[in-house]
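J.: Pasting coords_30.cif here (mmCIF, C-alpha atoms):
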```cif
data_structure
#
loop_
_atom_site.label_atom_id
_atom_site.label_comp_id
_atom_site.auth_asym_id
_atom_site.auth_seq_id
_atom_site.Cartn_x
_atom_site.Cartn_y
_atom_site.Cartn_z
CA MET Q 60 -13.47 21.96 78.83
CA GLN Q 61 -11.31 23.78 76.31
CA THR Q 62 -10.91 22.47 72.75
CA SER Q 63 -8.41 23.62 70.16
CA ALA Q 64 -6.70 22.46 66.98
CA ASP Q 65 -4.03 25.18 67.26
CA ILE Q 66 -0.63 24.25 68.72
CA ASN Q 67 0.07 27.74 70.05
CA GLN Q 68 -3.27 27.87 71.87
CA ILE Q 69 -2.60 24.49 73.42
CA ARG Q 70 0.80 25.67 74.62
CA GLU Q 71 -0.69 28.85 76.10
CA HIS Q 72 -3.12 26.82 78.22
CA ILE Q 73 -0.37 24.47 79.35
CA ALA Q 74 2.01 27.33 80.23
CA LYS Q 75 -0.56 28.76 82.67
CA TRP Q 76 -1.00 25.39 84.37
CA ARG Q 77 2.77 25.00 84.59
CA LEU Q 78 3.08 28.38 86.31
CA ASP Q 79 0.57 27.15 88.89
CA GLY Q 80 2.65 24.01 89.47
CA ARG Q 81 -0.06 21.70 88.12
CA ARG Q 82 0.83 18.10 87.20
CA ILE Q 83 -0.31 17.23 83.68
CA ALA Q 84 -1.53 13.87 82.36
CA PHE Q 85 -1.99 13.16 78.66
CA VAL Q 86 -4.09 10.56 76.83
CA PRO Q 87 -3.41 10.36 73.06
CA THR Q 88 -6.29 8.87 71.05
CA MET Q 89 -7.53 8.56 67.49
CA GLY Q 90 -11.10 9.24 68.55
CA ASN Q 91 -14.28 7.15 68.29
CA LEU Q 92 -13.97 6.89 72.05
CA HIS Q 93 -15.25 3.93 74.04
CA GLU Q 94 -15.07 2.76 77.63
CA GLY Q 95 -11.45 1.72 77.18
CA HIS Q 96 -10.44 5.28 76.35
CA LEU Q 97 -12.52 6.66 79.20
CA THR Q 98 -10.79 4.27 81.59
CA LEU Q 99 -7.49 5.84 80.52
CA VAL Q 100 -8.95 9.29 81.18
CA ARG Q 101 -10.07 8.30 84.68
CA LYS Q 102 -6.67 6.79 85.43
CA ALA Q 103 -5.09 10.01 84.20
CA ARG Q 104 -7.18 12.00 86.66
CA GLU Q 105 -5.85 9.80 89.47
CA ASN Q 106 -2.28 10.68 88.50
CA ALA Q 107 -2.45 14.39 87.77
CA ASP Q 108 -4.18 17.71 88.36
CA VAL Q 109 -4.85 18.41 84.68
CA VAL Q 110 -6.00 15.93 82.03
CA ILE Q 111 -5.37 16.60 78.34
CA VAL Q 112 -6.67 14.34 75.55
CA SER Q 113 -5.75 14.45 71.88
CA ILE Q 114 -7.98 13.23 69.06
CA PHE Q 115 -6.04 12.72 65.84
CA VAL Q 116 -6.38 9.99 63.22
CA ASN Q 117 -2.70 9.74 62.33
CA PRO Q 118 -2.26 8.97 58.62
CA MET Q 119 1.42 8.15 59.09
CA GLN Q 120 0.70 4.93 60.99
CA PHE Q 121 -1.77 3.42 58.49
CA ASP Q 122 -0.33 0.93 56.02
CA ARG Q 123 -3.62 0.53 54.13
CA ALA Q 124 -5.35 3.53 52.53
CA GLU Q 125 -8.72 1.81 52.88
CA ASP Q 126 -8.20 1.39 56.63
CA LEU Q 127 -7.43 5.10 57.03
CA LYS Q 128 -10.45 6.08 54.96
CA ASN Q 129 -12.83 3.83 56.89
CA TYR Q 130 -11.52 4.60 60.38
CA PRO Q 131 -14.56 5.85 62.34
CA ARG Q 132 -14.58 9.58 63.09
CA THR Q 133 -17.07 10.74 65.74
CA LEU Q 134 -15.68 14.04 67.02
CA ASP Q 135 -18.90 15.55 68.40
CA ALA Q 136 -19.76 12.41 70.36
CA ASP Q 137 -16.16 12.13 71.56
CA LEU Q 138 -16.14 15.69 72.89
CA SER Q 139 -19.40 15.08 74.72
CA LYS Q 140 -17.95 12.00 76.45
CA LEU Q 141 -14.80 13.86 77.43
CA ALA Q 142 -16.79 16.76 78.81
CA ASN Q 143 -18.69 14.30 81.00
CA GLU Q 144 -15.33 13.08 82.32
CA CYS Q 145 -14.33 16.67 83.16
CA VAL Q 146 -11.31 16.65 80.83
CA ASP Q 147 -9.54 20.00 80.96
CA LEU Q 148 -8.28 20.34 77.38
CA VAL Q 149 -8.78 18.49 74.09
CA PHE Q 150 -6.31 18.86 71.21
CA THR Q 151 -7.94 18.15 67.83
CA PRO Q 152 -5.32 18.82 65.16
CA THR Q 153 -5.66 18.10 61.45
CA PRO Q 154 -2.99 16.36 59.34
CA GLU Q 155 -2.05 19.82 58.02
CA VAL Q 156 -1.34 20.99 61.56
CA MET Q 157 0.72 17.94 62.48
CA TYR Q 158 2.48 17.55 59.12
CA PRO Q 159 2.61 21.06 57.59
CA ARG Q 160 5.15 20.03 54.94
CA GLY Q 161 3.47 16.70 54.27
CA MET Q 162 4.42 13.29 55.58
CA ASP Q 163 7.13 12.76 52.96
CA GLN Q 164 9.01 15.78 54.32
CA GLN Q 165 8.36 15.03 58.00
CA THR Q 166 11.29 14.23 60.27
CA SER Q 167 10.54 10.77 61.61
CA VAL Q 168 11.31 8.80 64.76
CA GLU Q 169 12.00 5.09 64.60
CA VAL Q 170 12.71 2.66 67.42
CA PRO Q 171 15.02 0.01 65.95
CA GLY Q 172 14.39 -3.63 66.67
CA LEU Q 173 11.04 -3.35 68.41
CA SER Q 174 9.49 -1.51 65.47
CA ASN Q 175 10.49 -4.07 62.86
CA MET Q 176 9.45 -7.31 64.54
CA LEU Q 177 6.10 -9.05 65.03
CA GLU Q 178 3.35 -6.67 63.84
CA GLY Q 179 5.98 -4.24 62.61
CA ALA Q 180 7.32 -6.84 60.18
CA SER Q 181 3.94 -7.21 58.48
CA ARG Q 182 3.11 -3.50 58.65
CA PRO Q 183 6.27 -1.68 57.52
CA GLY Q 184 6.37 1.91 58.74
CA HIS Q 185 3.48 1.51 61.17
CA PHE Q 186 5.49 1.95 64.35
CA ARG Q 187 7.59 4.69 62.78
CA GLY Q 188 4.32 6.57 62.30
CA VAL Q 189 3.31 5.86 65.90
CA ALA Q 190 6.68 6.91 67.35
CA THR Q 191 6.77 10.07 65.24
CA VAL Q 192 3.31 11.31 66.14
CA VAL Q 193 3.67 10.46 69.83
CA THR Q 194 7.00 12.31 69.96
CA LYS Q 195 5.38 15.36 68.37
CA LEU Q 196 2.43 15.20 70.76
CA PHE Q 197 4.75 14.85 73.75
CA ASN Q 198 6.69 17.91 72.57
CA ILE Q 199 3.48 19.91 72.20
CA VAL Q 200 1.82 18.88 75.47
CA GLN Q 201 4.97 18.18 77.55
CA PRO Q 202 3.06 15.99 80.00
CA ASP Q 203 4.35 14.60 83.26
CA VAL Q 204 2.56 11.32 82.61
CA ALA Q 205 1.00 9.68 79.54
CA LEU Q 206 -1.42 6.76 79.51
CA PHE Q 207 -1.80 3.99 76.94
CA GLY Q 208 -3.94 0.87 76.74
CA GLU Q 209 -2.28 -2.53 76.88
CA LYS Q 210 -4.44 -3.86 74.03
CA ASP Q 211 -1.75 -2.39 71.78
CA PHE Q 212 0.97 -4.29 73.64
CA GLN Q 213 3.80 -3.85 71.15
CA GLN Q 214 2.94 -0.19 70.70
CA VAL Q 215 3.36 0.40 74.44
CA ALA Q 216 6.74 -1.35 74.33
CA VAL Q 217 7.84 0.85 71.42
CA ILE Q 218 6.76 4.03 73.21
CA ARG Q 219 8.49 3.04 76.44
CA ARG Q 220 11.75 2.37 74.56
CA MET Q 221 11.41 5.65 72.65
CA VAL Q 222 10.91 7.63 75.86
CA GLU Q 223 13.94 5.94 77.42
CA ASP Q 224 16.20 6.36 74.39
CA LEU Q 225 15.29 10.03 73.83
CA CYS Q 226 15.45 10.88 77.56
CA LEU Q 227 11.93 12.28 77.49
CA PRO Q 228 10.69 13.37 80.95
CA VAL Q 229 7.40 11.48 80.64
CA ASP Q 230 6.18 8.67 82.88
CA VAL Q 231 4.42 6.11 80.66
CA ILE Q 232 1.59 4.25 82.40
CA SER Q 233 -0.03 1.28 80.71
CA VAL Q 234 -3.59 0.31 81.61
CA PRO Q 235 -4.99 -3.24 81.25
CA THR Q 236 -7.26 -3.96 78.29
CA VAL Q 237 -10.91 -3.14 78.87
CA ARG Q 238 -13.25 -5.83 77.55
CA GLU Q 239 -16.90 -6.26 76.66
CA LEU Q 240 -18.92 -8.68 78.78
CA ASP Q 241 -18.30 -11.45 76.23
CA GLY Q 242 -14.53 -10.94 76.40
CA LEU Q 243 -13.98 -8.94 73.20
CA ALA Q 244 -11.27 -6.31 73.66
CA MET Q 245 -12.81 -2.87 73.24
CA SER Q 246 -11.65 -1.16 70.06
CA SER Q 247 -12.78 1.72 67.90
CA ARG Q 248 -12.84 -0.68 64.95
CA ASN Q 249 -15.46 -2.89 66.63
CA SER Q 250 -18.13 -0.45 65.47
CA LEU Q 251 -17.32 -1.46 61.87
CA LEU Q 252 -18.32 -5.10 62.48
CA MET Q 253 -21.55 -6.40 61.00
CA VAL Q 254 -24.04 -7.94 63.46
CA ASP Q 255 -23.06 -11.54 62.72
CA GLU Q 256 -19.36 -10.63 62.78
CA ARG Q 257 -19.73 -9.00 66.18
CA GLN Q 258 -21.22 -12.25 67.50
CA ARG Q 259 -18.18 -14.20 66.33
CA ALA Q 260 -15.54 -11.65 67.33
CA PRO Q 261 -15.08 -12.89 70.95
CA VAL Q 262 -13.57 -16.11 69.57
CA LEU Q 263 -10.25 -14.26 69.30
CA ALA Q 264 -10.11 -13.69 73.07
CA LYS Q 265 -11.42 -17.21 73.68
CA THR Q 266 -8.61 -18.65 71.58
CA LEU Q 267 -6.02 -16.68 73.54
CA ARG Q 268 -7.45 -18.01 76.78
CA TRP Q 269 -7.25 -21.57 75.42
CA ILE Q 270 -3.60 -21.15 74.40
CA SER Q 271 -2.87 -19.66 77.83
CA SER Q 272 -4.46 -22.63 79.59
CA GLN Q 273 -2.38 -25.02 77.50
CA MET Q 274 0.82 -23.16 78.37
CA ARG Q 275 -0.02 -23.06 82.07
CA GLY Q 276 -0.66 -26.77 81.82
CA GLY Q 277 2.92 -27.27 80.69
CA ARG Q 278 2.75 -27.27 76.90
CA ASP Q 279 5.76 -25.63 75.31
CA ASP Q 280 5.31 -26.74 71.70
CA PHE Q 281 4.50 -23.18 70.74
CA ALA Q 282 4.52 -23.71 66.97
CA GLU Q 283 1.84 -26.39 67.33
CA LEU Q 284 -0.15 -24.20 69.72
CA VAL Q 285 -0.15 -21.43 67.12
CA LEU Q 286 -1.39 -23.82 64.44
CA ASP Q 287 -4.12 -25.10 66.76
CA GLY Q 288 -5.14 -21.54 67.59
CA ASN Q 289 -5.36 -20.64 63.92
CA ASP Q 290 -7.59 -23.68 63.34
CA GLN Q 291 -9.95 -22.50 66.09
CA LEU Q 292 -10.17 -19.05 64.53
CA ARG Q 293 -10.91 -20.44 61.08
CA ALA Q 294 -13.57 -22.77 62.48
CA ALA Q 295 -15.39 -19.70 63.82
CA GLY Q 296 -15.17 -17.82 60.52
CA LEU Q 297 -12.20 -15.59 61.34
CA GLU Q 298 -9.19 -15.33 59.05
CA PRO Q 299 -6.02 -15.66 61.14
CA ASP Q 300 -3.42 -12.99 60.59
CA GLU Q 301 -0.73 -13.57 63.20
CA ILE Q 302 -0.28 -15.34 66.53
CA PHE Q 303 2.97 -14.90 68.43
CA ILE Q 304 4.06 -16.30 71.80
CA ARG Q 305 6.84 -14.15 73.20
CA ASP Q 306 8.66 -13.08 76.33
CA ALA Q 307 6.48 -10.28 77.74
CA LEU Q 308 9.47 -8.14 78.73
CA THR Q 309 11.64 -8.37 75.61
CA LEU Q 310 9.18 -9.57 72.92
CA GLN Q 311 11.86 -12.09 71.97
CA PRO Q 312 11.06 -15.84 71.74
CA VAL Q 313 10.25 -17.47 75.06
CA GLY Q 314 13.40 -18.85 76.68
CA GLU Q 315 14.31 -20.79 79.78
CA ASN Q 316 14.55 -17.57 81.80
CA THR Q 317 11.15 -16.26 80.73
CA THR Q 318 8.84 -15.85 83.72
CA GLN Q 319 6.00 -14.08 81.92
CA ALA Q 320 4.94 -14.63 78.32
CA VAL Q 321 2.53 -12.73 76.15
CA ILE Q 322 0.32 -14.15 73.41
CA LEU Q 323 -0.16 -11.57 70.65
CA ALA Q 324 -2.84 -12.24 68.06
CA SER Q 325 -4.60 -10.60 65.15
CA ALA Q 326 -7.31 -11.83 62.81
CA PHE Q 327 -9.56 -10.47 60.12
CA LEU Q 328 -13.32 -10.58 60.47
CA GLY Q 329 -14.74 -9.29 57.23
CA LYS Q 330 -12.76 -6.12 56.51
CA VAL Q 331 -11.98 -5.46 60.16
CA ARG Q 332 -8.63 -6.44 61.65
CA LEU Q 333 -8.96 -7.37 65.31
CA ILE Q 334 -5.99 -7.48 67.70
CA ASP Q 335 -5.68 -8.79 71.24
CA ASN Q 336 -3.11 -10.13 73.66
CA LEU Q 337 -2.94 -12.07 76.91
CA LEU Q 338 -0.21 -12.35 79.53
CA VAL Q 339 0.74 -15.81 80.83
CA GLU Q 340 2.64 -16.38 84.05
CA LEU Q 341 5.21 -19.13 83.52
CA SER Q 342 7.12 -18.99 86.79
CA ALA Q 343 4.73 -21.41 88.52
CA VAL Q 344 4.94 -23.80 85.54
CA GLN Q 345 8.74 -23.73 85.70
CA GLU Q 346 8.76 -24.36 89.45
CA GLU Q 347 6.48 -27.36 88.97
CA LYS Q 348 8.75 -28.81 86.29
CA GLU Q 349 11.82 -28.29 88.47
CA GLY Q 350 10.08 -30.09 91.34
CA GLU Q 351 9.33 -33.19 89.28
#
```
Before we go any further, please render this structure as structure tokens.
T.:
Amino acid sequence: MQTSADINQIREHIAKWRLDGRRIAFVPTMGNLHEGHLTLVRKARENADVVIVSIFVNPMQFDRAEDLKNYPRTLDADLSKLANECVDLVFTPTPEVMYPRGMDQQTSVEVPGLSNMLEGASRPGHFRGVATVVTKLFNIVQPDVALFGEKDFQQVAVIRRMVEDLCLPVDVISVPTVRELDGLAMSSRNSLLMVDERQRAPVLAKTLRWISSQMRGGRDDFAELVLDGNDQLRAAGLEPDEIFIRDALTLQPVGENTTQAVILASAFLGKVRLIDNLLVELSAVQEEKEGE
């Protein structure tokens, strides 16, 4: 496994593989790797001859300085895990490599609409930071395929739109959320939870499942469902941040033509912000209503 923080070295490796006609898969990460990341790596291997992973804690996508400072950094352990997965190349740039003139002087990429709604509305600039760094990484690696986890549902939607709008020759593959045995969505931030917080954290996924069951049972009073979900989170000691129920394809409010919805939720547990989502099939519910 080759490791480099130098863009030119990365491009030299990739150029050799290109000459050999190798298909390249890319997995961008911010490190502190867990089984969710490794699932992306394995899926990448199924779709390409060469697997490249980046590890870069991107300061441009953090809206809270404290969050950036506390984000777990475990490079040595990450490299060991990637070596065990037979990754071919790991790109480990620093902020100085990615933003040589500083972030204030960095050309940015923004996906209008999708970047400014839902989580983007409460975290201004977050998705601009995501779109900018992913565009730069795509330009450096020039992969045939890139893999992202569906835990960051809106992020995947933003990246898909960006790839389409900029005519980038990259096939974006999303991989279902990988969960702990108790249902908690795997996340690098989970390692920051205290013992008692970790025990309560699965309530977020449990609440999503409850809302989903209510929707599949025919409830469409979404505002009340959100309030009820927030009450369940508070009862378990979590501080609700946001719960949205949206069309899974457009991220717009659920309408009469929506066949699949997504519940997007975030909550604070101590200083840690947890996020999760759950897809809900509505086509069967609609058919049942039409048959009544």
J.: Decode the PyMOL selection byres ((chain Q and resi 295) around 12) for the given file into explicit residues and return them as JSON, numbers by chain.
T.: {"Q": [255, 256, 257, 258, 259, 260, 261, 262, 263, 265, 266, 288, 289, 290, 291, 292, 293, 294, 296, 297, 298, 299, 326, 327, 328]}
J.: So the first atom is atom CA of Gly276 of chain Q and the second is atom CA of Val237 of chain Q; what is the distance between them in Å, to one decimal place?
T.: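 Separation of atom CA of Gly276 of chain Q and atom CA of Val237 of chain Q: 25.9 Å.
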J.: Given the PyMOL selection byres ((chain Q and resi 210) around 6) and the file above, list the residues it selects as a ChimeraX atom specification.
T.: /Q:208-209,211-212,236,335
J.: Take the PyMOL selection byres ((chain Q and resi 141) around 10), run it mentally on this structure, and tell me the resulting residues as a PyMOL selection string.
T.: chain Q and resi 60+92+96-97+100+111-112+136-140+142-149
J.: With only C-alpha atoms counted and 9 Å as the cut-off, give the residues of segment 176-246 of chain Q in contact with segment 121-133 of chain Q, each with its shortest interatomic distance in Å and the pair that gives it, as a tab-separated table.
T.:
```
residue	atom	partner	partner_atom	distance
Q:Arg182	CA	Q:Asp122	CA	6.2
Q:Pro183	CA	Q:Asp122	CA	7.3
Q:Gly184	CA	Q:Asp122	CA	7.3
Q:His185	CA	Q:Phe121	CA	6.2
Q:Gly188	CA	Q:Phe121	CA	7.8
```
J.: Here is a test: counting only C-alpha atoms, which residue of Q:Pro228, Q:Pro152, Q:Pro312, Q:Gly172 is nearest to Ala205 of chain Q?
T.: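 Using only C-alpha atoms, Ala205 of chain Q sits closest to Q:Pro228.
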J.: Restricting the calculation to all atoms listed in the file: of Q:Val170, Q:Ile334, Q:Met245, Q:Ile322, which residue gets closest to Thr194 of chain Q?
T.: Q:Val170
J.: Could you please give me, as a ChimeraX atom specification, the residues of protein, DNA or RNA lying at most 12 Å from (10.2, 7.7, 72.6) in the coordinate frame of the file, considering all atoms listed in the file?
T.: /Q:167-171,173-174,186-198,205,214-231
J.: Give me, as a tab-separated table, each residue of segment 99-142 of chain Q that comes within 7 Å of segment 78-85 of chain Q, together with its shortest interatomic pair and the distance in Å at one decimal, counting all atoms listed in the file, with rows ordered by chain and rising residue number.
T.:
```
residue	atom	partner	partner_atom	distance
Q:Ala103	CA	Q:Ala84	CA	5.6
Q:Asn106	CA	Q:Ala84	CA	7.0
Q:Ala107	CA	Q:Arg82	CA	5.0
Q:Asp108	CA	Q:Arg82	CA	5.2
Q:Val109	CA	Q:Ile83	CA	4.8
Q:Val110	CA	Q:Ala84	CA	4.9
Q:Ile111	CA	Q:Phe85	CA	4.8
Q:Val112	CA	Q:Phe85	CA	5.7
```
J.: Determine the nearest neighbour of Ala64 of chain Q from the options Q:Met119, Q:Val285, Q:Leu338, Q:Val156, counting all atoms listed in the file.
T.: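 Of Q:Met119, Q:Val285, Q:Leu338, Q:Val156, the one nearest Ala64 of chain Q, counting all atoms listed in the file, is Q:Val156.
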J.: Looking at all atoms listed in the file, which of Q:Leu310, Q:Ala324, Q:Ile232, Q:Met89 is the one that sits closest to Ser246 of chain Q?
T.: Q:Met89
J.: What does the distance between atom CA of Gln273 of chain Q and atom CA of Glu315 of chain Q come to in Å, to one decimal place?
T.: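 Computing it gives 17.4 Å between the two atoms.
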J.: Please indicate the distance in Å from atom CA of Met176 of chain Q to atom CA of Val339 of chain Q, rounded to one decimal place.
T.: 20.3 Å
J.: Fewer than 5 positions away in the same chain doesn't count, so skip those; otherwise give me all residues within 12 Å of Ile304 of chain Q, counting all atoms listed in the file, as an MDAnalysis selection string.
T.: chainID Q and resid 177 267 270:271 274 279:286 288 309:314 317 319:324 336:339
J.: Determine the nearest neighbour of Ile114 of chain Q from the options Q:Ile73, Q:Ala264, Q:Leu251, Q:Met157, counting only C-alpha atoms.
T.: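 Smallest separation from Ile114 of chain Q among the options: Q:Met157.
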J.: So which one's closest to Ile302 of chain Q, Q:Asp203, Q:Glu178, Q:Glu71, Q:Asp241? Using all atoms listed in the file, please.
T.: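 Once distances to Ile302 of chain Q are computed over all atoms listed in the file, the minimum belongs to Q:Glu178.
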J.: For segment 100-110 of chain Q, where the input has fewer atoms than it should, I would like all heavy atoms rebuilt and written as a short mmCIF file (atom, residue, chain, number, x, y, z; two decimals), in the frame of the given file.
T.:
```cif
data_model
loop_
_atom_site.label_atom_id
_atom_site.label_comp_id
_atom_site.auth_asym_id
_atom_site.auth_seq_id
_atom_site.Cartn_x
_atom_site.Cartn_y
_atom_site.Cartn_z
N VAL Q 100 -8.71 7.93 80.70
CA VAL Q 100 -8.95 9.29 81.18
C VAL Q 100 -9.10 9.31 82.70
O VAL Q 100 -8.55 10.17 83.40
CB VAL Q 100 -10.19 9.88 80.49
CG1 VAL Q 100 -10.61 11.20 81.16
CG2 VAL Q 100 -9.92 10.11 79.00
N ARG Q 101 -9.87 8.36 83.23
CA ARG Q 101 -10.07 8.30 84.68
C ARG Q 101 -8.77 7.99 85.41
O ARG Q 101 -8.50 8.54 86.47
CB ARG Q 101 -11.14 7.27 85.01
CG ARG Q 101 -12.53 7.66 84.49
CD ARG Q 101 -13.49 6.50 84.46
NE ARG Q 101 -14.66 6.82 83.65
CZ ARG Q 101 -15.36 5.94 82.98
NH1 ARG Q 101 -15.02 4.65 83.01
NH2 ARG Q 101 -16.40 6.31 82.25
N LYS Q 102 -7.97 7.10 84.83
CA LYS Q 102 -6.67 6.79 85.43
C LYS Q 102 -5.78 8.02 85.38
O LYS Q 102 -4.99 8.26 86.32
CB LYS Q 102 -6.03 5.62 84.69
CG LYS Q 102 -4.77 5.07 85.35
CD LYS Q 102 -5.10 4.36 86.64
CE LYS Q 102 -3.89 3.67 87.23
NZ LYS Q 102 -4.18 2.99 88.50
N ALA Q 103 -5.88 8.79 84.31
CA ALA Q 103 -5.09 10.01 84.20
C ALA Q 103 -5.45 10.98 85.31
O ALA Q 103 -4.57 11.62 85.91
CB ALA Q 103 -5.33 10.66 82.83
N ARG Q 104 -6.73 11.09 85.61
CA ARG Q 104 -7.18 12.00 86.66
C ARG Q 104 -6.61 11.58 88.02
O ARG Q 104 -6.32 12.43 88.87
CB ARG Q 104 -8.71 12.02 86.70
CG ARG Q 104 -9.30 12.92 87.76
CD ARG Q 104 -8.95 14.36 87.54
NE ARG Q 104 -9.58 14.89 86.32
CZ ARG Q 104 -9.29 16.08 85.81
NH1 ARG Q 104 -8.37 16.85 86.38
NH2 ARG Q 104 -9.90 16.50 84.71
N GLU Q 105 -6.42 10.28 88.21
CA GLU Q 105 -5.85 9.80 89.47
C GLU Q 105 -4.38 10.17 89.61
O GLU Q 105 -3.85 10.21 90.72
CB GLU Q 105 -5.97 8.27 89.56
CG GLU Q 105 -7.41 7.75 89.62
CD GLU Q 105 -7.46 6.23 89.58
OE1 GLU Q 105 -6.37 5.61 89.62
OE2 GLU Q 105 -8.57 5.68 89.49
N ASN Q 106 -3.72 10.45 88.48
CA ASN Q 106 -2.28 10.68 88.50
C ASN Q 106 -1.86 12.12 88.24
O ASN Q 106 -0.66 12.40 88.16
CB ASN Q 106 -1.61 9.78 87.44
CG ASN Q 106 -1.54 8.33 87.86
OD1 ASN Q 106 -0.58 7.92 88.49
ND2 ASN Q 106 -2.57 7.56 87.54
N ALA Q 107 -2.82 13.02 88.10
CA ALA Q 107 -2.45 14.39 87.77
C ALA Q 107 -3.55 15.37 88.15
O ALA Q 107 -4.67 14.98 88.49
CB ALA Q 107 -2.14 14.50 86.27
N ASP Q 108 -3.22 16.65 88.08
CA ASP Q 108 -4.18 17.71 88.36
C ASP Q 108 -4.94 18.13 87.11
O ASP Q 108 -6.08 18.58 87.18
CB ASP Q 108 -3.44 18.94 88.92
CG ASP Q 108 -2.56 18.61 90.09
OD1 ASP Q 108 -3.09 18.06 91.07
OD2 ASP Q 108 -1.34 18.87 90.02
N VAL Q 109 -4.29 17.99 85.96
CA VAL Q 109 -4.85 18.41 84.68
C VAL Q 109 -4.83 17.22 83.72
O VAL Q 109 -3.82 16.51 83.64
CB VAL Q 109 -4.05 19.59 84.07
CG1 VAL Q 109 -4.54 19.91 82.66
CG2 VAL Q 109 -4.13 20.81 84.97
N VAL Q 110 -5.93 17.02 83.01
CA VAL Q 110 -6.00 15.93 82.03
C VAL Q 110 -6.20 16.52 80.64
O VAL Q 110 -7.15 17.28 80.40
CB VAL Q 110 -7.14 14.95 82.34
CG1 VAL Q 110 -7.26 13.89 81.24
CG2 VAL Q 110 -6.93 14.28 83.69
#
```
